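Visitor: Handing over protein-v4.txt, compact mmCIF, C-alpha atoms and all ligand atoms.
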```
# COMPACT_ATOMS: atom_id res chain seq x y z
CA MET A 1 0.00 0.00 0.00
CA THR A 2 1.29 3.42 -0.83
CA ILE A 3 2.23 5.60 2.10
CA ASP A 4 -0.77 7.76 2.95
CA PRO A 5 -0.90 9.24 6.46
CA SER A 6 -4.50 10.24 5.97
CA ILE A 7 -5.59 6.69 6.85
CA GLY A 8 -4.63 7.56 10.45
CA PRO A 9 -2.25 5.87 12.94
CA ASP A 10 -4.64 3.10 13.93
CA LYS A 11 -5.10 1.78 10.40
CA ALA A 12 -1.38 2.23 9.76
CA ARG A 13 -0.61 0.13 12.87
CA GLU A 14 -2.77 -2.72 11.57
CA LEU A 15 -1.00 -2.48 8.25
CA PHE A 16 2.41 -2.55 9.94
CA ARG A 17 1.52 -5.59 12.01
CA ALA A 18 0.39 -7.46 8.90
CA GLU A 19 3.62 -6.58 7.07
CA LEU A 20 5.76 -7.53 10.09
CA ALA A 21 4.06 -10.92 10.27
CA ASP A 22 5.34 -11.69 6.76
CA VAL A 23 8.99 -10.86 7.54
CA ARG A 24 11.21 -13.96 7.38
CA THR A 25 14.73 -12.71 6.66
CA ASP A 26 17.17 -9.98 7.66
CA ALA A 27 16.76 -8.39 4.22
CA GLU A 28 12.97 -8.30 4.51
CA LEU A 29 13.26 -6.78 7.97
CA GLN A 30 15.64 -4.15 6.65
CA ALA A 31 13.17 -3.26 3.89
CA LEU A 32 10.38 -3.04 6.46
CA ARG A 33 12.47 -0.73 8.61
CA THR A 34 13.18 1.62 5.69
CA ARG A 35 9.51 1.65 4.70
CA TRP A 36 8.26 2.41 8.20
CA VAL A 37 10.88 4.40 10.09
CA GLY A 38 13.31 5.53 7.37
CA ARG A 39 14.46 9.12 7.51
CA LYS A 40 12.67 10.01 4.30
CA GLY A 41 9.63 8.65 2.50
CA SER A 42 8.62 6.28 5.30
CA TRP A 43 5.27 5.98 7.03
CA VAL A 44 6.60 7.62 10.19
CA SER A 45 8.29 10.47 8.32
CA ALA A 46 5.05 10.99 6.35
CA PHE A 47 3.11 11.24 9.61
CA MET A 48 5.64 13.72 11.02
CA GLU A 49 5.43 15.84 7.87
CA ALA A 50 1.64 15.73 7.99
CA LEU A 51 1.70 16.80 11.64
CA ALA A 52 3.98 19.76 10.89
CA THR A 53 1.33 21.30 8.63
CA ALA A 54 -1.73 20.05 10.53
CA THR A 55 -4.32 22.21 12.19
CA PRO A 56 -4.39 22.09 16.01
CA GLU A 57 -7.48 19.84 15.80
CA GLN A 58 -5.77 17.39 13.52
CA LYS A 59 -2.68 17.36 15.77
CA LYS A 60 -4.92 16.64 18.69
CA ALA A 61 -6.68 13.90 16.70
CA PHE A 62 -3.68 11.75 15.84
CA GLY A 63 -0.49 13.44 17.09
CA ARG A 64 -0.22 11.06 20.04
CA GLY A 65 -1.24 8.11 17.90
CA ALA A 66 1.50 8.88 15.38
CA ASN A 67 4.14 8.98 18.12
CA GLU A 68 2.92 5.76 19.63
CA LEU A 69 2.97 4.17 16.19
CA LYS A 70 6.60 5.24 15.77
CA LYS A 71 7.58 3.74 19.14
CA GLU A 72 5.70 0.53 18.45
CA VAL A 73 7.25 0.14 15.02
CA GLU A 74 10.76 0.70 16.34
CA ALA A 75 10.27 -1.65 19.27
CA ALA A 76 8.70 -4.38 17.11
CA ILE A 77 11.49 -4.16 14.53
CA ALA A 78 14.16 -4.34 17.25
CA GLU A 79 12.44 -7.34 18.78
CA ARG A 80 12.21 -9.16 15.44
CA GLU A 81 15.81 -8.28 14.69
CA ALA A 82 16.90 -9.90 17.95
CA ALA A 83 14.75 -12.95 17.21
CA LEU A 84 16.31 -13.35 13.77
CA ALA A 85 19.82 -12.93 15.20
CA ALA A 86 19.13 -15.64 17.76
CA THR A 87 18.28 -18.17 15.04
CA ARG A 88 21.13 -17.14 12.75
CA ARG A 89 24.00 -19.69 12.34
CA PRO A 90 27.29 -18.39 13.82
CA ALA A 91 30.00 -17.84 11.21
CA ASP A 92 31.99 -20.87 12.35
CA ALA A 93 29.01 -23.19 12.82
CA VAL A 94 29.02 -26.68 11.40
CA ASP A 95 26.47 -27.05 8.67
CA ILE A 96 25.02 -30.44 9.44
CA THR A 97 23.10 -30.48 6.20
CA LEU A 98 26.30 -30.75 4.12
CA PRO A 99 27.25 -34.22 2.89
CA GLY A 100 29.86 -35.86 5.16
CA ARG A 101 33.47 -36.62 4.33
CA PRO A 102 33.98 -40.37 4.56
CA PRO A 103 36.85 -41.15 6.98
CA ARG A 104 39.97 -42.32 5.14
CA LEU A 105 40.73 -45.86 6.14
CA GLY A 106 44.45 -46.49 6.54
CA HIS A 107 46.29 -49.47 5.10
CA ARG A 108 48.71 -51.72 6.84
CA HIS A 109 52.20 -51.19 5.46
CA PRO A 110 53.24 -53.87 2.93
CA LEU A 111 56.16 -54.84 5.19
CA SER A 112 53.73 -55.27 8.09
CA LEU A 113 51.62 -57.53 5.86
CA ILE A 114 54.63 -59.77 5.16
CA ARG A 115 55.70 -59.74 8.82
CA ASP A 116 52.20 -60.73 9.92
CA GLU A 117 51.90 -63.37 7.21
CA VAL A 118 55.23 -64.98 8.14
CA GLY A 119 54.32 -64.74 11.83
CA ALA A 120 50.98 -66.46 11.11
CA ILE A 121 52.62 -69.25 9.08
CA PHE A 122 55.00 -70.08 11.92
CA THR A 123 52.36 -69.66 14.61
CA ARG A 124 50.36 -72.35 12.82
CA LEU A 125 53.47 -74.55 12.91
CA GLY A 126 53.66 -74.08 16.68
CA TYR A 127 56.39 -71.44 16.87
CA GLN A 128 56.59 -68.58 19.35
CA VAL A 129 56.91 -65.14 17.69
CA LEU A 130 59.40 -62.92 19.55
CA GLU A 131 60.77 -59.43 19.13
CA GLY A 132 63.66 -58.25 21.30
CA PRO A 133 66.02 -55.33 21.79
CA GLU A 134 67.27 -53.44 18.74
CA ILE A 135 70.26 -52.15 20.72
CA GLU A 136 72.51 -55.08 21.52
CA ASP A 137 75.85 -55.93 23.04
CA ASP A 138 78.74 -57.44 21.10
CA TYR A 139 78.33 -60.65 23.02
CA HIS A 140 74.79 -61.45 21.92
CA ASN A 141 75.16 -60.05 18.44
CA PHE A 142 78.51 -61.66 17.61
CA GLU A 143 80.44 -63.57 20.24
CA ALA A 144 77.76 -66.02 21.38
CA LEU A 145 77.07 -66.68 17.70
CA ASN A 146 80.54 -68.08 17.23
CA MET A 147 82.01 -64.78 16.06
CA PRO A 148 84.60 -63.86 18.72
CA GLU A 149 86.52 -60.62 18.50
CA GLU A 150 88.90 -60.62 15.52
CA HIS A 151 86.74 -63.28 13.87
CA PRO A 152 86.81 -62.53 10.15
CA ALA A 153 83.06 -63.14 9.99
CA ARG A 154 82.54 -59.84 11.76
CA ASP A 155 83.73 -58.16 8.60
CA MET A 156 80.78 -59.68 6.78
CA GLN A 157 78.54 -57.17 8.48
CA ASP A 158 79.32 -53.53 8.74
CA THR A 159 77.96 -52.49 12.08
CA PHE A 160 76.59 -49.29 13.61
CA TYR A 161 78.29 -48.92 17.00
CA LEU A 162 77.02 -46.61 19.74
CA GLN A 163 79.31 -43.77 20.73
CA THR A 164 78.47 -44.38 24.39
CA PRO A 165 77.56 -47.90 25.51
CA LEU A 166 74.26 -48.22 27.39
CA MET A 167 73.34 -50.23 30.45
CA PRO A 168 69.62 -49.62 31.07
CA ALA A 169 68.25 -51.05 34.33
CA ALA A 170 65.93 -53.47 32.53
CA HIS A 171 68.85 -54.89 30.60
CA ALA A 172 70.95 -55.31 33.72
CA ALA A 173 68.04 -57.12 35.43
CA THR A 174 67.65 -59.52 32.50
CA ALA A 175 71.37 -60.13 32.43
CA GLU A 176 71.35 -60.92 36.14
CA ALA A 177 68.46 -63.35 35.68
CA ILE A 178 70.52 -65.09 33.00
CA ALA A 179 73.52 -65.24 35.31
CA LEU A 180 71.35 -66.87 38.00
CA ARG A 181 70.10 -69.54 35.62
CA THR A 182 73.48 -70.34 34.14
CA PRO A 183 76.24 -68.98 36.43
CA ALA A 184 78.93 -69.96 33.93
CA LEU A 185 77.60 -67.44 31.39
CA ARG A 186 78.96 -63.96 30.89
CA PRO A 187 78.14 -61.15 33.37
CA PRO A 188 75.93 -58.30 32.07
CA GLN A 189 77.48 -56.51 29.12
CA PRO A 190 76.80 -52.89 28.21
CA LEU A 191 74.85 -52.42 24.97
CA THR A 192 77.14 -51.19 22.24
CA LEU A 193 75.57 -51.58 18.80
CA LEU A 194 72.43 -51.69 16.69
CA ARG A 195 71.77 -55.37 16.08
CA THR A 196 72.90 -56.57 12.68
CA HIS A 197 70.56 -59.55 12.75
CA THR A 198 67.73 -60.86 14.89
CA SER A 199 69.88 -63.88 15.79
CA ALA A 200 70.87 -61.99 18.93
CA MET A 201 67.33 -62.61 20.16
CA GLN A 202 67.81 -66.35 19.68
CA ILE A 203 70.77 -66.24 22.06
CA ARG A 204 68.78 -64.24 24.60
CA HIS A 205 65.90 -66.70 24.43
CA MET A 206 68.14 -69.76 24.85
CA GLU A 207 69.94 -68.14 27.79
CA MET A 208 66.62 -67.71 29.58
CA ASN A 209 64.92 -70.97 28.54
CA ALA A 210 65.91 -74.63 28.52
CA PRO A 211 65.29 -76.64 25.34
CA PRO A 212 63.15 -77.46 23.42
CA VAL A 213 62.93 -74.17 21.50
CA ARG A 214 60.77 -73.26 18.55
CA LEU A 215 60.71 -69.55 17.79
CA VAL A 216 60.76 -66.91 15.09
CA ALA A 217 62.21 -63.47 15.84
CA ILE A 218 60.97 -60.68 13.59
CA GLY A 219 62.09 -57.07 13.59
CA PRO A 220 64.32 -54.29 12.30
CA VAL A 221 68.08 -54.78 11.94
CA TYR A 222 70.79 -52.31 10.98
CA ARG A 223 73.81 -52.44 8.70
CA LYS A 224 75.95 -49.79 7.13
CA ASP A 225 74.60 -50.31 3.64
CA ALA A 226 74.30 -47.43 1.21
CA LEU A 227 70.74 -46.80 0.05
CA ASP A 228 70.17 -48.32 -3.39
CA LEU A 229 67.61 -50.45 -5.26
CA THR A 230 68.06 -53.44 -2.99
CA HIS A 231 69.75 -52.10 0.17
CA THR A 232 68.73 -49.88 3.07
CA PRO A 233 70.68 -49.29 6.30
CA MET A 234 67.63 -50.45 8.26
CA PHE A 235 65.63 -53.43 7.12
CA HIS A 236 63.62 -56.25 8.67
CA GLN A 237 64.58 -59.82 9.31
CA VAL A 238 62.70 -62.88 10.27
CA GLU A 239 64.76 -65.63 11.81
CA GLY A 240 63.68 -69.03 12.97
CA LEU A 241 65.26 -71.35 15.51
CA VAL A 242 64.30 -74.88 16.45
CA VAL A 243 66.24 -76.81 19.09
CA GLY A 244 65.45 -80.21 20.55
CA LYS A 245 66.43 -83.84 20.61
CA GLY A 246 66.92 -85.30 17.15
CA VAL A 247 66.25 -82.16 15.08
CA THR A 248 67.77 -82.78 11.64
CA LEU A 249 68.54 -81.09 8.34
CA ALA A 250 65.48 -82.89 6.93
CA ASP A 251 63.33 -80.98 9.45
CA LEU A 252 64.87 -77.73 8.25
CA LYS A 253 64.24 -78.57 4.62
CA GLY A 254 60.65 -79.64 5.27
CA THR A 255 59.97 -76.49 7.27
CA LEU A 256 61.36 -74.16 4.61
CA ALA A 257 59.52 -76.01 1.84
CA ALA A 258 56.27 -75.55 3.76
CA MET A 259 57.05 -71.86 4.30
CA ALA A 260 57.84 -71.30 0.60
CA GLU A 261 54.52 -72.81 -0.44
CA ALA A 262 52.61 -70.82 2.17
CA LEU A 263 54.31 -67.54 1.19
CA PHE A 264 54.65 -67.88 -2.58
CA GLY A 265 51.96 -70.36 -3.53
CA PRO A 266 51.51 -74.15 -3.79
CA GLY A 267 54.16 -75.97 -5.79
CA THR A 268 56.92 -73.42 -5.10
CA GLY A 269 60.06 -75.57 -4.99
CA VAL A 270 63.13 -74.94 -2.83
CA ARG A 271 66.74 -75.98 -3.28
CA PHE A 272 69.70 -75.85 -0.90
CA ARG A 273 73.18 -74.69 -1.88
CA PRO A 274 76.15 -75.21 0.49
CA SER A 275 77.27 -71.99 2.10
CA PHE A 276 79.03 -70.66 5.17
CA PHE A 277 77.79 -68.90 8.30
CA PRO A 278 79.77 -68.88 11.54
CA TYR A 279 76.78 -69.88 13.64
CA THR A 280 75.59 -72.87 11.59
CA GLU A 281 77.31 -76.05 10.41
CA PRO A 282 76.52 -77.24 7.83
CA SER A 283 75.13 -74.04 6.29
CA ALA A 284 73.03 -73.57 3.20
CA GLU A 285 71.68 -70.77 1.06
CA VAL A 286 68.14 -71.52 0.08
CA ASP A 287 66.60 -70.67 -3.29
CA ILE A 288 62.95 -70.79 -4.25
CA GLN A 289 61.74 -71.62 -7.71
CA CYS A 290 61.30 -68.35 -9.60
CA ILE A 291 57.76 -67.19 -8.87
CA LYS A 292 57.51 -65.43 -12.22
CA CYS A 293 58.63 -68.09 -14.69
CA LYS A 294 58.09 -71.13 -12.42
CA GLY A 295 61.65 -72.27 -13.10
CA ALA A 296 61.70 -71.85 -16.89
CA GLY A 297 64.14 -68.92 -16.74
CA CYS A 298 63.40 -65.21 -17.05
CA ALA A 299 64.99 -61.82 -16.45
CA MET A 300 63.94 -61.77 -12.80
CA CYS A 301 65.84 -65.00 -11.99
CA LYS A 302 68.67 -64.19 -14.42
CA ARG A 303 67.63 -67.21 -16.56
CA THR A 304 68.42 -69.65 -13.73
CA GLY A 305 64.85 -70.45 -12.71
CA TRP A 306 65.82 -69.94 -9.06
CA ILE A 307 65.88 -66.99 -6.68
CA GLU A 308 67.90 -66.78 -3.49
CA ILE A 309 65.65 -66.15 -0.53
CA LEU A 310 67.39 -67.00 2.75
CA GLY A 311 70.31 -68.44 4.66
CA SER A 312 70.04 -71.43 6.97
CA GLY A 313 71.83 -74.32 8.60
CA MET A 314 72.22 -76.59 11.61
CA VAL A 315 73.06 -74.65 14.78
CA HIS A 316 76.82 -74.71 15.46
CA PRO A 317 77.79 -76.57 18.67
CA ALA A 318 79.71 -73.48 19.82
CA VAL A 319 76.43 -71.54 19.89
CA PHE A 320 74.84 -74.16 22.14
CA GLU A 321 77.86 -74.06 24.44
CA ALA A 322 77.57 -70.29 24.72
CA VAL A 323 74.00 -70.55 26.05
CA GLY A 324 74.63 -73.52 28.32
CA TYR A 325 72.99 -76.18 26.10
CA ASP A 326 74.72 -79.53 25.68
CA PRO A 327 75.46 -80.07 21.97
CA ASN A 328 75.61 -83.80 22.65
CA GLU A 329 72.04 -83.71 23.92
CA VAL A 330 70.30 -81.37 21.49
CA THR A 331 70.54 -80.33 17.87
CA GLY A 332 68.77 -77.55 16.05
CA PHE A 333 68.34 -75.58 12.88
CA ALA A 334 68.17 -71.85 12.18
CA PHE A 335 67.26 -69.72 9.20
CA GLY A 336 67.01 -66.03 8.45
CA MET A 337 65.53 -64.00 5.64
CA GLY A 338 64.81 -60.39 4.82
CA VAL A 339 61.20 -59.26 5.07
CA GLU A 340 61.86 -56.67 2.34
CA ARG A 341 63.32 -59.34 0.07
CA VAL A 342 60.13 -61.37 0.38
CA ALA A 343 58.03 -58.26 -0.30
CA LEU A 344 60.10 -57.32 -3.38
CA LEU A 345 59.70 -60.81 -4.81
CA LYS A 346 56.09 -61.38 -3.87
CA TRP A 347 54.82 -58.16 -5.40
CA GLY A 348 57.41 -57.65 -8.12
CA VAL A 349 58.57 -54.34 -6.60
CA GLU A 350 61.87 -53.26 -8.13
CA ASP A 351 63.06 -50.59 -5.68
CA ILE A 352 63.30 -51.30 -1.95
CA ARG A 353 63.24 -47.55 -1.21
CA LEU A 354 59.56 -47.45 -2.16
CA PHE A 355 58.81 -49.19 1.13
CA TYR A 356 60.22 -46.24 3.08
CA GLU A 357 59.11 -43.22 1.09
CA ASN A 358 55.53 -43.15 2.43
CA ASP A 359 54.11 -42.46 -1.02
CA LEU A 360 50.41 -43.24 -0.67
CA ARG A 361 50.11 -44.00 -4.39
CA PHE A 362 52.45 -46.94 -3.72
CA LEU A 363 51.20 -47.96 -0.28
CA GLU A 364 47.53 -47.96 -1.25
CA GLN A 365 48.11 -50.74 -3.77
CA PHE A 366 48.39 -53.27 -0.99
CA GLY A 367 45.46 -54.82 0.83
CA LEU A 368 44.33 -54.04 4.32
ZN ZN B 1 62.34 -66.53 -13.56
```
Show this structure as structure tokens.
Ligand SMILES: [Zn+2]

Guide:
Amino acid sequence: MTIDPSIGPDKARELFRAELADVRTDAELQALRTRWVGRKGSWVSAFMEALATATPEQKKAFGRGANELKKEVEAAIAEREAALAATRRPADAVDITLPGRPPRLGHRHPLSLIRDEVGAIFTRLGYQVLEGPEIEDDYHNFEALNMPEEHPARDMQDTFYLQTPLMPAAHAATAEAIALRTPALRPPQPLTLLRTHTSAMQIRHMEMNAPPVRLVAIGPVYRKDALDLTHTPMFHQVEGLVVGKGVTLADLKGTLAAMAEALFGPGTGVRFRPSFFPYTEPSAEVDIQCIKCKGAGCAMCKRTGWIEILGSGMVHPAVFEAVGYDPNEVTGFAFGMGVERVALLKWGVEDIRLFYENDLRFLEQFGL
């Protein structure tokens, strides 16, 4: 309705109330405010102008009404403004009507998959799965494994030594417990190096436990290797040890054949080649039939049909003597392989560094 003060304040009030009832938004309220109490051209300003030129009778007739209308309009607009503000979403509010972001489900690392798979294979075969300290002493890492000081075998592994040897309380306590069980063994040694193989854990386990033994130790090991396609200074090893009465090379071969089939598929053959390790005698490198060409010969196996996968052998009597076992009473076998090596072969990955670069495009290709 056009602004016409001649309708009088009472009719104008009814009109205002009807218009206010339709206001839903801040913009509509703003328009209403301009129309009713704006400085110029509004209902209230029209009334004021009309009053300025009115006769005394007219002023008397609706002067008060016009002022009351102005107050009511201003109060009602302020009230509605507050009501709208109260329902308005704060700037940082969460809009619950937006579609959600699905949570990103992480993957297990491919090396964890291999570690768990190998652990599961040997758990089924009745093995204990152990970890153990990554910081070791010379004794457990070398000497007890038939590599005394000056032994040339120590040159086979380039070792990270600690600048300051450690003797944490927990280590001293374990060492004392060992000394109690087998008083002839060495007193506690300070920790001096990052273990170069998980075999150190085998020594620790045998020191604390009488035979029989059936364990796999899985975990990181450290060697001063330059980073390249197939080497990293830190990698993971899984090593197995079985000790008991009458354990033979045939048991070792059967165990590794079963592992190869479980890891690389049924029908995966294994072959043993004579080798040397200070802590086993006899020792053997173990090859699996090439998983790509099934033995026919391809680039991956350098046309041989076989791929080297691990080292193994019968536990050297000197190792048993070091842990207080009687080599005339028990025999045993041991084997060790790289977790990364298995992963490279199993998935045809050509660069070991991919496992450490945390590139999701690579990591997401592996299952959960
Ligand atoms: Zn091949």

Visitor: Name the residues, by chain letter and number, that sit within 8 Å of ligand ZN 1 (chain B) using all atoms listed in the file, and give them as a ChimeraX atom specification.

Guide: /A:289-307

Visitor: Pick the closest to Phe142 of chain A from A:Gly100, A:Gly313, A:Pro278, A:Pro327: which is it, counting all atoms listed in the file?

Guide: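 Ranked by minimum distance to Phe142 of chain A, first place goes to A:Pro278.
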
Visitor: Mind giving me the straight-line distance from atom CA of Glu329 of chain A to atom CA of Glu136 of chain A in Å, one decimal?

Guide: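 These two atoms are separated by 28.7 Å.
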
Visitor: Could you name the residues that touch segment 85-88 of chain A at 12 Å or less, counting all atoms listed in the file, but leaving out those on the same chain fewer than 5 positions away, as a list in words?

Guide: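 The residues satisfying every condition are Arg24, Thr25, Asp26, Leu29, Ala78, Glu79, Arg80, Ala93 and Asp95 of chain A.
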
Visitor: Centre and edge lengths of an axis-aligned box around all listed atoms of segment 251-256 of chain A, with 8 Å added on each side, are to be given in Å to one decimal, as lines of an AutoDock Vina configuration file.

Guide:
```
center_x = 62.4
center_y = -77.6
center_z = 7.0
size_x = 20.9
size_y = 22.8
size_z = 20.8
```

Visitor: Go through A:Leu125, A:Gly348, A:His151, A:Ile77 and flag the residue nearest Val23 of chain A, using all atoms listed in the file for the distances.

Guide: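 The closest residue to Val23 of chain A is A:Ile77.
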
Visitor: Around the point (78.7, -56.7, 23.1) in the file's coordinates, collect all residues with an atom within 9 Å, using only C-alpha atoms, and return them as an NGL selection string.

Guide: :A and (136-143 or 189-193)

Visitor: Considering all atoms listed in the file, return as a list in words whatever protein or nucleic-acid residues lie within 7 Å of Phe235 of chain A, sequence-local ones (same chain, fewer than 3 positions apart) excluded.

Guide: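 Skipping anything fewer than 3 positions along the chain leaves Pro220, Val221, Tyr222, Thr232 and Glu340 of chain A.
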
Visitor: What's around segment 256-268 of chain A at 10 Å? Count all atoms listed in the file, leave out sequence neighbours fewer than 3 positions away in its own chain, and write the answer as a list in words.

Guide: Ile114, Glu117, Val118, Ile121, Phe122, Leu125, Ala250, Asp251, Leu252, Lys253, Arg271, Val286, Asp287, Ile288, Gln289, Cys290, Ile291, Lys294, Gly295, Ile309, Leu310, Ser312, Phe335, Val342, Leu345 and Lys346 of chain A

Visitor: For the atom pair atom CA of Ile352 of chain A and atom CA of Val238 of chain A, what is the interatomic distance in Å to one decimal place?

Guide: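 Going from atom CA of Ile352 of chain A over to atom CA of Val238 of chain A covers 16.8 Å.
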
Visitor: Atom CA of Arg39 of chain A to atom CA of Pro5 of chain A: how many Å, to one decimal?

Guide: 15.4 Å

Visitor: Counting all atoms listed in the file, which residues sit no farther than 10 Å from the position (44.3, -46.4, 5.1) in the file's frame? I'd like them as a compact mmCIF listing (two decimals) with C-alpha atoms, in the coordinates of the input.

Guide:
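Saved file result30.txt follows:
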```txt
# COMPACT_ATOMS: atom_id res chain seq x y z
CA PRO A 103 36.85 -41.15 6.98
CA ARG A 104 39.97 -42.32 5.14
CA LEU A 105 40.73 -45.86 6.14
CA GLY A 106 44.45 -46.49 6.54
CA HIS A 107 46.29 -49.47 5.10
CA ARG A 108 48.71 -51.72 6.84
CA HIS A 109 52.20 -51.19 5.46
CA LEU A 360 50.41 -43.24 -0.67
CA LEU A 363 51.20 -47.96 -0.28
CA GLU A 364 47.53 -47.96 -1.25
CA GLY A 367 45.46 -54.82 0.83
CA LEU A 368 44.33 -54.04 4.32
```

Visitor: So that I can check the surroundings of Ile218 of chain A, please list as a ChimeraX atom specification every protein, DNA and RNA residue that reaches within 7 Å of it, counting only C-alpha atoms and ignoring chain neighbours fewer than 4 positions away.

Guide: /A:130-131,198,237-239
